[in-house]
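Trainee: Contents of final-v5.pdb (PDB, C-alpha atoms):
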ATOM      1  CA  MET A 291      17.718 -54.982   2.256
ATOM      2  CA  SER A 292      17.045 -51.770   4.059
ATOM      3  CA  GLU A 293      13.505 -50.577   4.509
ATOM      4  CA  VAL A 294      14.164 -47.372   2.656
ATOM      5  CA  THR A 295      12.342 -47.618  -0.627
ATOM      6  CA  PRO A 296      13.981 -46.415  -3.806
ATOM      7  CA  THR A 297      11.372 -43.675  -4.032
ATOM      8  CA  GLU A 298      12.672 -41.966  -0.898
ATOM      9  CA  PRO A 299      15.791 -40.374  -2.463
ATOM     10  CA  ARG A 300      13.657 -39.297  -5.385
ATOM     11  CA  ARG A 301      11.165 -37.656  -3.053
ATOM     12  CA  LEU A 302      13.939 -35.833  -1.221
ATOM     13  CA  ALA A 303      15.432 -34.615  -4.469
ATOM     14  CA  ALA A 304      12.032 -33.333  -5.615
ATOM     15  CA  GLU A 305      11.519 -31.580  -2.321
ATOM     16  CA  ALA A 306      14.933 -29.908  -2.541
ATOM     17  CA  ARG A 307      14.050 -28.737  -6.023
ATOM     18  CA  ASP A 308      10.755 -27.279  -4.825
ATOM     19  CA  ARG A 309      12.489 -25.549  -1.955
ATOM     20  CA  VAL A 310      15.121 -23.987  -4.187
ATOM     21  CA  ARG A 311      12.448 -22.782  -6.564
ATOM     22  CA  PHE A 312      10.476 -21.298  -3.672
ATOM     23  CA  GLU A 313      13.543 -19.491  -2.362
ATOM     24  CA  GLU A 314      14.364 -18.073  -5.766
ATOM     25  CA  GLU A 315      10.844 -16.823  -6.334
ATOM     26  CA  ALA A 316      10.720 -15.266  -2.886
ATOM     27  CA  LEU A 317      14.031 -13.488  -3.480
ATOM     28  CA  GLU A 318      12.840 -12.165  -6.828
ATOM     29  CA  LEU A 319       9.982 -10.472  -4.994
ATOM     30  CA  ALA A 320      12.233  -8.930  -2.343
ATOM     31  CA  ASP A 321      12.346  -5.495  -4.006
ATOM     32  CA  GLN A 322       8.592  -5.270  -4.109
ATOM     33  CA  VAL A 323       8.197  -6.567  -0.571
ATOM     34  CA  TYR A 324      10.768  -4.044   0.650
ATOM     35  CA  ARG A 325       8.927  -1.101  -0.908
ATOM     36  CA  VAL A 326       5.910  -1.967   1.193
ATOM     37  CA  ALA A 327       7.927  -2.863   4.307
ATOM     38  CA  ARG A 328       9.772   0.436   4.180
ATOM     39  CA  ARG A 329       6.517   2.383   4.532
ATOM     40  CA  LEU A 330       5.051   0.160   7.212
ATOM     41  CA  VAL A 331       7.845   1.049   9.618
ATOM     42  CA  GLY A 332       9.551   4.260  10.599
ATOM     43  CA  SER A 333      13.141   3.746   9.519
ATOM     44  CA  ARG A 334      15.274   1.990   6.948
ATOM     45  CA  GLU A 335      17.015   0.007   9.701
ATOM     46  CA  GLU A 336      13.712  -1.324  10.978
ATOM     47  CA  ALA A 337      12.646  -2.221   7.449
ATOM     48  CA  GLU A 338      15.889  -4.123   6.873
ATOM     49  CA  GLU A 339      15.530  -6.066  10.127
ATOM     50  CA  LEU A 340      11.937  -6.869   9.384
ATOM     51  CA  MET A 341      12.851  -8.093   5.899
ATOM     52  CA  GLN A 342      15.513 -10.404   7.297
ATOM     53  CA  GLU A 343      13.171 -11.813   9.937
ATOM     54  CA  THR A 344      10.501 -12.284   7.294
ATOM     55  CA  TYR A 345      12.757 -14.122   4.866
ATOM     56  CA  ALA A 346      14.266 -16.254   7.607
ATOM     57  CA  ARG A 347      10.777 -17.329   8.642
ATOM     58  CA  ALA A 348       9.590 -17.779   5.057
ATOM     59  CA  PHE A 349      12.559 -20.015   4.206
ATOM     60  CA  ARG A 350      11.896 -22.091   7.331
ATOM     61  CA  SER A 351       8.200 -22.510   6.710
ATOM     62  CA  TRP A 352       8.177 -22.695   2.922
ATOM     63  CA  ARG A 353       6.140 -25.916   3.024
ATOM     64  CA  SER A 354       3.114 -24.005   4.265
ATOM     65  CA  TYR A 355       3.046 -21.914   1.087
ATOM     66  CA  THR A 356       0.642 -23.275  -1.554
ATOM     67  CA  PRO A 357       2.305 -23.089  -4.976
ATOM     68  CA  GLY A 358       0.313 -21.074  -7.477
ATOM     69  CA  THR A 359      -1.112 -18.704  -4.863
ATOM     70  CA  ASN A 360       0.048 -15.123  -4.387
ATOM     71  CA  LEU A 361       3.561 -15.435  -2.959
ATOM     72  CA  ARG A 362       4.010 -11.688  -2.506
ATOM     73  CA  ALA A 363       0.862 -11.566  -0.362
ATOM     74  CA  TRP A 364       2.059 -14.636   1.573
ATOM     75  CA  LEU A 365       5.381 -12.933   2.336
ATOM     76  CA  LEU A 366       3.664  -9.738   3.375
ATOM     77  CA  ARG A 367       1.364 -11.600   5.682
ATOM     78  CA  ILE A 368       4.424 -12.949   7.503
ATOM     79  CA  LEU A 369       5.950  -9.491   7.496
ATOM     80  CA  THR A 370       2.918  -7.693   8.899
ATOM     81  CA  ASN A 371       2.488 -10.352  11.601
ATOM     82  CA  LEU A 372       6.125  -9.990  12.600
ATOM     83  CA  ASN A 373       5.752  -6.244  12.601
ATOM     84  CA  ILE A 374       2.839  -6.507  15.012
ATOM     85  CA  ASP A 375       4.710  -9.076  17.136
ATOM     86  CA  ARG A 376       7.611  -6.698  17.423
ATOM     87  CA  GLY A 377       5.398  -4.868  19.841
ATOM     88  CA  ARG A 378       4.586  -1.948  17.708
ATOM     89  CA  ARG A 379       2.150   0.240  19.490
ATOM     90  CA  ARG A 380      -1.363  -0.869  18.710
ATOM     91  CA  GLN A 381      -2.558   2.681  18.636
ATOM     92  CA  ARG A 382      -6.255   3.014  18.592
ATOM     93  CA  ALA A 383      -6.981   5.445  15.870
ATOM     94  CA  PRO A 384      -7.449   8.730  17.597
ATOM     95  CA  GLU A 385     -10.498  10.668  16.570
ATOM     96  CA  MET A 386      -8.530  13.492  15.120
ATOM     97  CA  GLN A 387      -9.978  16.647  13.792
ATOM     98  CA  PRO A 388     -13.245  16.155  11.991
ATOM     99  CA  LEU A 389     -12.879  15.230   8.358
ATOM    100  CA  GLU A 390     -16.197  16.439   7.122
ATOM    101  CA  GLU A 391     -14.638  18.670   4.505
ATOM    102  CA  GLY A 392     -14.625  15.462   2.547
ATOM    103  CA  ASP A 393     -12.221  14.226   0.001
ATOM    104  CA  TYR A 394     -11.755  17.568  -1.658
ATOM    105  CA  PHE A 395     -10.058  19.283   1.234
ATOM    106  CA  LEU A 396      -6.529  18.881  -0.079
ATOM    107  CA  TYR A 397      -7.538  19.774  -3.581
ATOM    108  CA  ASN A 398      -9.272  22.924  -2.459
ATOM    109  CA  ARG A 399      -6.365  23.969  -0.274
ATOM    110  CA  LEU A 400      -3.869  23.444  -3.054
ATOM    111  CA  GLU A 401      -5.981  25.143  -5.614
ATOM    112  CA  GLU A 402      -6.663  28.105  -3.373
ATOM    113  CA  SER A 403      -2.969  28.549  -2.876
ATOM    114  CA  SER A 404      -2.377  28.461  -6.593
ATOM    115  CA  ARG A 405      -3.083  31.721  -8.311
ATOM    116  CA  GLU A 406      -2.472  30.764 -11.887
ATOM    117  CA  PRO A 407      -5.835  30.483 -13.538
ATOM    118  CA  GLY A 408      -6.532  27.257 -15.343
ATOM    119  CA  SER A 409      -3.481  25.472 -13.956
ATOM    120  CA  ASP A 410      -3.948  21.801 -14.671
ATOM    121  CA  GLN A 411      -4.376  19.021 -12.157
ATOM    122  CA  ASP A 412      -0.919  17.578 -12.504
ATOM    123  CA  ALA A 413       0.521  21.006 -11.750
ATOM    124  CA  VAL A 414      -1.606  21.143  -8.613
ATOM    125  CA  VAL A 415      -0.135  17.840  -7.436
ATOM    126  CA  GLU A 416       3.371  18.987  -8.256
ATOM    127  CA  ARG A 417       3.050  21.607  -5.559
ATOM    128  CA  LEU A 418       3.593  18.771  -3.098
ATOM    129  CA  SER A 419       7.114  17.776  -2.204
ATOM    130  CA  GLN A 420       8.355  14.215  -2.167
ATOM    131  CA  ASP A 421       9.569  14.502   1.424
ATOM    132  CA  GLY A 422       6.268  16.041   2.426
ATOM    133  CA  VAL A 423       4.428  13.020   1.057
ATOM    134  CA  VAL A 424       6.698  10.559   2.859
ATOM    135  CA  SER A 425       6.331  12.317   6.201
ATOM    136  CA  ALA A 426       2.590  12.815   5.746
ATOM    137  CA  LEU A 427       2.201   9.079   5.136
ATOM    138  CA  SER A 428       4.230   8.229   8.212
ATOM    139  CA  SER A 429       1.931  10.440  10.296
ATOM    140  CA  VAL A 430      -1.108   8.324   9.428
ATOM    141  CA  PRO A 431      -1.986   6.001  12.369
ATOM    142  CA  HIS A 432      -0.855   2.376  11.879
ATOM    143  CA  ASP A 433      -4.209   0.719  11.340
ATOM    144  CA  PHE A 434      -5.036   3.061   8.496
ATOM    145  CA  ARG A 435      -1.524   3.337   7.134
ATOM    146  CA  ASP A 436      -1.106  -0.429   6.755
ATOM    147  CA  VAL A 437      -4.075  -0.555   4.414
ATOM    148  CA  VAL A 438      -3.075   2.538   2.430
ATOM    149  CA  VAL A 439       0.473   1.195   2.017
ATOM    150  CA  LEU A 440      -0.691  -2.251   0.889
ATOM    151  CA  VAL A 441      -3.233  -0.950  -1.624
ATOM    152  CA  ASP A 442      -1.714   2.304  -2.860
ATOM    153  CA  ILE A 443       1.973   1.457  -2.747
ATOM    154  CA  GLY A 444       1.941  -2.349  -2.808
ATOM    155  CA  ASP A 445      -0.852  -2.423  -5.392
ATOM    156  CA  PHE A 446      -2.693  -5.202  -3.567
ATOM    157  CA  THR A 447      -6.403  -5.784  -4.093
ATOM    158  CA  TYR A 448      -8.841  -5.210  -1.233
ATOM    159  CA  GLN A 449      -9.108  -8.992  -0.963
ATOM    160  CA  ASP A 450      -5.341  -9.502  -0.659
ATOM    161  CA  ALA A 451      -5.058  -6.699   1.883
ATOM    162  CA  ALA A 452      -7.864  -8.295   3.911
ATOM    163  CA  GLN A 453      -6.029 -11.625   3.964
ATOM    164  CA  ILE A 454      -2.646 -10.116   4.731
ATOM    165  CA  LEU A 455      -3.994  -8.141   7.682
ATOM    166  CA  ASP A 456      -6.586 -10.746   8.671
ATOM    167  CA  ILE A 457      -9.423  -8.257   8.726
ATOM    168  CA  PRO A 458     -12.751  -8.225   6.842
ATOM    169  CA  ILE A 459     -12.806  -6.667   3.396
ATOM    170  CA  GLY A 460     -15.313  -4.050   4.578
ATOM    171  CA  THR A 461     -12.782  -2.962   7.179
ATOM    172  CA  VAL A 462     -10.134  -2.674   4.464
ATOM    173  CA  MET A 463     -12.416  -0.377   2.498
ATOM    174  CA  SER A 464     -13.362   1.825   5.414
ATOM    175  CA  ARG A 465      -9.776   2.093   6.695
ATOM    176  CA  LEU A 466      -8.560   2.844   3.208
ATOM    177  CA  HIS A 467     -11.103   5.580   2.785
ATOM    178  CA  ARG A 468     -10.333   7.154   6.115
ATOM    179  CA  GLY A 469      -6.577   6.595   5.807
ATOM    180  CA  ARG A 470      -6.467   8.371   2.473
ATOM    181  CA  ARG A 471      -8.406  11.276   3.948
ATOM    182  CA  ILE A 472      -6.033  11.531   6.881
ATOM    183  CA  LEU A 473      -3.130  11.446   4.436
ATOM    184  CA  LYS A 474      -4.643  14.213   2.350
ATOM    185  CA  ARG A 475      -5.277  16.341   5.396
ATOM    186  CA  ALA A 476      -1.656  15.910   6.477
ATOM    187  CA  LEU A 477      -0.516  16.794   2.959
ATOM    188  CA  ALA A 478      -2.703  19.873   2.868
ATOM    189  CA  GLU A 479      -1.277  21.010   6.164
ATOM    190  CA  SER A 480       2.313  20.453   5.179
ATOM    191  CA  ALA A 481       1.937  21.808   1.661
ATOM    192  CA  VAL A 482       0.052  25.005   2.222
ATOM    193  CA  GLY A 483      -0.914  25.305   5.851
ATOM    194  CA  GLY A 484       2.101  25.231   8.085
ATOM    195  CA  SER A 485       4.775  27.339   6.524
TER     196      SER A 485
ATOM    197  CA  MET B  50     -15.342  29.443   0.080
ATOM    198  CA  GLY B  51     -14.926  29.988  -3.594
ATOM    199  CA  HIS B  52     -15.810  26.393  -4.378
ATOM    200  CA  ALA B  53     -19.016  24.605  -4.997
ATOM    201  CA  ASP B  54     -19.981  21.989  -2.454
ATOM    202  CA  PRO B  55     -18.373  18.631  -3.078
ATOM    203  CA  CYS B  56     -20.618  16.458  -5.154
ATOM    204  CA  GLU B  57     -22.164  13.764  -2.963
ATOM    205  CA  LYS B  58     -22.358  11.304  -5.806
ATOM    206  CA  CYS B  59     -18.644  11.446  -6.418
ATOM    207  CA  GLU B  60     -17.772  11.250  -2.750
ATOM    208  CA  GLU B  61     -19.531   7.932  -2.768
ATOM    209  CA  VAL B  62     -18.034   6.357  -5.864
ATOM    210  CA  MET B  63     -14.597   7.987  -6.019
ATOM    211  CA  GLN B  64     -12.705   5.311  -4.117
ATOM    212  CA  PRO B  65     -14.195   2.200  -5.750
ATOM    213  CA  TYR B  66     -13.998   3.860  -9.152
ATOM    214  CA  LEU B  67     -10.315   4.714  -8.844
ATOM    215  CA  ASP B  68      -9.585   1.312  -7.348
ATOM    216  CA  ARG B  69     -11.365  -0.300 -10.285
ATOM    217  CA  VAL B  70     -13.690  -2.406  -8.206
ATOM    218  CA  LEU B  71     -17.018  -1.187  -9.591
ATOM    219  CA  ASP B  72     -19.006  -3.582 -11.715
ATOM    220  CA  GLU B  73     -19.706  -2.668 -15.294
ATOM    221  CA  SER B  74     -23.013  -0.887 -14.768
ATOM    222  CA  GLU B  75     -21.767   1.061 -11.735
ATOM    223  CA  ARG B  76     -18.736   2.061 -13.715
ATOM    224  CA  ALA B  77     -20.816   3.227 -16.659
ATOM    225  CA  GLU B  78     -22.963   5.239 -14.273
ATOM    226  CA  ALA B  79     -19.890   6.853 -12.693
ATOM    227  CA  GLU B  80     -18.483   7.706 -16.106
ATOM    228  CA  ALA B  81     -21.756   9.177 -17.295
ATOM    229  CA  HIS B  82     -21.755  11.386 -14.227
ATOM    230  CA  LEU B  83     -18.163  12.423 -14.865
ATOM    231  CA  ASP B  84     -19.013  13.366 -18.428
ATOM    232  CA  ALA B  85     -21.684  15.680 -17.129
ATOM    233  CA  CYS B  86     -19.986  17.146 -14.053
ATOM    234  CA  GLY B  87     -16.902  19.262 -14.678
ATOM    235  CA  TYR B  88     -16.280  19.800 -10.987
ATOM    236  CA  CYS B  89     -16.041  16.084 -10.320
ATOM    237  CA  ARG B  90     -14.028  15.427 -13.459
ATOM    238  CA  LYS B  91     -11.315  17.812 -12.276
ATOM    239  CA  ARG B  92     -11.204  16.183  -8.902
ATOM    240  CA  TYR B  93     -11.024  12.666 -10.255
ATOM    241  CA  ARG B  94      -8.038  13.687 -12.299
ATOM    242  CA  PHE B  95      -6.528  15.269  -9.252
ATOM    243  CA  GLU B  96      -7.072  12.103  -7.202
ATOM    244  CA  GLU B  97      -5.465   9.993  -9.895
ATOM    245  CA  SER B  98      -2.412  12.218 -10.151
ATOM    246  CA  LEU B  99      -2.176  12.318  -6.383
ATOM    247  CA  ARG B 100      -2.144   8.541  -6.093
ATOM    248  CA  GLN B 101       0.550   8.271  -8.706
ATOM    249  CA  PHE B 102       2.556  10.919  -6.955
ATOM    250  CA  VAL B 103       2.209   9.230  -3.557
ATOM    251  CA  ARG B 104       3.223   5.879  -5.009
ATOM    252  CA  GLN B 105       6.235   7.333  -6.719
ATOM    253  CA  ALA B 106       7.330   9.509  -3.805
ATOM    254  CA  CYS B 107       7.018   6.663  -1.314
ATOM    255  CA  SER B 108       8.791   3.990  -3.337
ATOM    256  CA  GLU B 109      12.252   3.470  -1.974
ATOM    257  CA  ALA B 110      14.465   0.902  -3.646
ATOM    258  CA  MET B 111      15.897  -1.905  -1.567
ATOM    259  CA  PRO B 112      19.566  -1.445  -0.608
ATOM    260  CA  PRO B 113      21.578  -3.946  -2.700
ATOM    261  CA  GLU B 114      23.417  -5.316   0.328
ATOM    262  CA  LEU B 115      20.095  -6.295   1.891
ATOM    263  CA  LYS B 116      19.392  -8.565  -1.043
ATOM    264  CA  GLN B 117      22.664 -10.355  -0.373
ATOM    265  CA  LYS B 118      21.780 -10.725   3.291
ATOM    266  CA  LEU B 119      18.429 -12.229   2.351
ATOM    267  CA  ALA B 120      20.038 -14.634  -0.106
ATOM    268  CA  ALA B 121      22.407 -15.736   2.653
ATOM    269  CA  LEU B 122      19.397 -16.871   4.693
ATOM    270  CA  ARG B 123      18.607 -19.623   2.177
ATOM    271  CA  THR B 124      18.895 -23.202   3.279
ATOM    272  CA  PRO B 125      22.350 -24.438   2.248
ATOM    273  CA  LEU B 126      22.240 -27.101  -0.433
TER     274      LEU B 126
END
Translate this structure into structure tokens?
Mentor:
Amino acid sequence: MSEVTPTEPRRLAAEARDRVRFEEEALELADQVYRVARRLVGSREEAEELMQETYARAFRSWRSYTPGTNLRAWLLRILTNLNIDRGRRRQRAPEMQPLEEGDYFLYNRLEESSREPGSDQDAVVERLSQDGVVSALSSVPHDFRDVVVLVDIGDFTYQDAAQILDIPIGTVMSRLHRGRRILKRALAESAVGGS
Amino acid sequence: MGHADPCEKCEEVMQPYLDRVLDESERAEAEAHLDACGYCRKRYRFEESLRQFVRQACSEAMPPELKQKLAALRTPL
């Protein structure tokens, strides 16, 4: 008799089943992963390449995923690591213009530019253009943008974002706060300042 | 400027409040303040609409052919 026990084929079959299930679940999340990926990089082509590299790696290393944990966060951790490995510029956040106007800067700028009395808040936001928002977001330095994209577009918790980016949760919160302010400043400039 | 100074209290709790990470008592405190402060109430609503708008404006659907490329990366059976 051979030394292979009868349990071996059964184990292999179970493993194949687990792998197929993993692959299917990962593919079901691809739309959501892409939405985040698209805003982490500058172009659609880059996002597509990054997605393919991410899925290739995920399918290779599926055994290191713990079933029952957050698969979307696991995929995005691979993706953000690959994105950094791709040699993206690790810009140190430049100390841009001071932000001491606080969080209300954009609001005040938009409201000042709006002359209709009593216009409601949604109408104030509608003064922004979709393209303006996309380009304002892409102007936010990487370290801050990553966090804003994960939390505000990817809908990840602070905790998930901290794990994905491998930074402390306090850093997530401070980068988020500052990133959102930088975004609002860029929006204020594009919406009412520049033109 | 034709605007009152931003309210310090709201500067401090705006982000955790909108991100729903305050505990129950902090949340109640923030809401009590919002009930009393019209200036902050307007700005909270603005922040909420802004976040929705950013999320919507920045959501780009995945090209369908990419999904096929990803599926092709699966381990063959």
Trainee: Can you tell me which residues surround segment 99-109 of chain B at a distance of at most 7 Å, considering all atoms listed in the file, apart from same-chain residues fewer than 4 positions away, and format the answer as a ChimeraX atom specification?
Mentor: /A:325,415,420,423-424,442-443 /B:95
Trainee: Starting from the shown file, work through the PyMOL selection byres ((chain A) within 9 of (chain B)) and note down what comes out as a PyMOL selection string.
Mentor: chain A and resi 306+309-310+313-314+317+320-322+324-326+328-329+338+341-342+345-346+349-350+391-394+397-398+402+410-412+414-416+418-421+423-424+427+439+441-444+447-448+463+466-467
Trainee: I'd like the interatomic distance between atom CA of Ala337 of chain A and atom CA of Ser428 of chain A, to a tenth of an Å.
Mentor: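 A separation of 13.4 Å between them.
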Trainee: Please list as a PDB file with C-alpha atoms, keeping the file's coordinate frame every residue within 12 Å of Glu78 of chain B, counting only C-alpha atoms and excluding residues in the same chain fewer than 4 positions away.
Mentor:
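Final output, out01.pdb:
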ATOM      1  CA  LYS B  58     -22.358  11.304  -5.806  1.00  0.00           C
ATOM      2  CA  CYS B  59     -18.644  11.446  -6.418  1.00  0.00           C
ATOM      3  CA  VAL B  62     -18.034   6.357  -5.864  1.00  0.00           C
ATOM      4  CA  TYR B  66     -13.998   3.860  -9.152  1.00  0.00           C
ATOM      5  CA  LEU B  71     -17.018  -1.187  -9.591  1.00  0.00           C
ATOM      6  CA  ASP B  72     -19.006  -3.582 -11.715  1.00  0.00           C
ATOM      7  CA  GLU B  73     -19.706  -2.668 -15.294  1.00  0.00           C
ATOM      8  CA  SER B  74     -23.013  -0.887 -14.768  1.00  0.00           C
ATOM      9  CA  HIS B  82     -21.755  11.386 -14.227  1.00  0.00           C
ATOM     10  CA  LEU B  83     -18.163  12.423 -14.865  1.00  0.00           C
ATOM     11  CA  ASP B  84     -19.013  13.366 -18.428  1.00  0.00           C
ATOM     12  CA  ALA B  85     -21.684  15.680 -17.129  1.00  0.00           C
TER      13      ALA B  85
END
Trainee: Suppose you want the space between atom CA of Glu61 of chain B and atom CA of Glu75 of chain B; what is it in Å?
Mentor: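 Computing the Euclidean distance for atom CA of Glu61 of chain B and atom CA of Glu75 of chain B yields 11.5 Å.
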Trainee: If I take atom CA of Thr461 of chain A and atom CA of Leu330 of chain A, how far is one from the other in Å, to one decimal?
Mentor: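 It comes out at 18.1 Å.
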Trainee: To verify the selection step, state as an NGL selection string which residues the PyMOL selection byres ((chain A and resi 352-366) around 7) yields on this input.
Mentor: :A and (319 or 323 or 348-351 or 367-370 or 450 or 454)
Trainee: Tell me, as an MDAnalysis selection string, which residues lie within 8 Å of Leu372 of chain A, counting only C-alpha atoms; anything in the same chain fewer than 4 positions away does not count.
Mentor: chainID A and resid 340 343:344 368 376
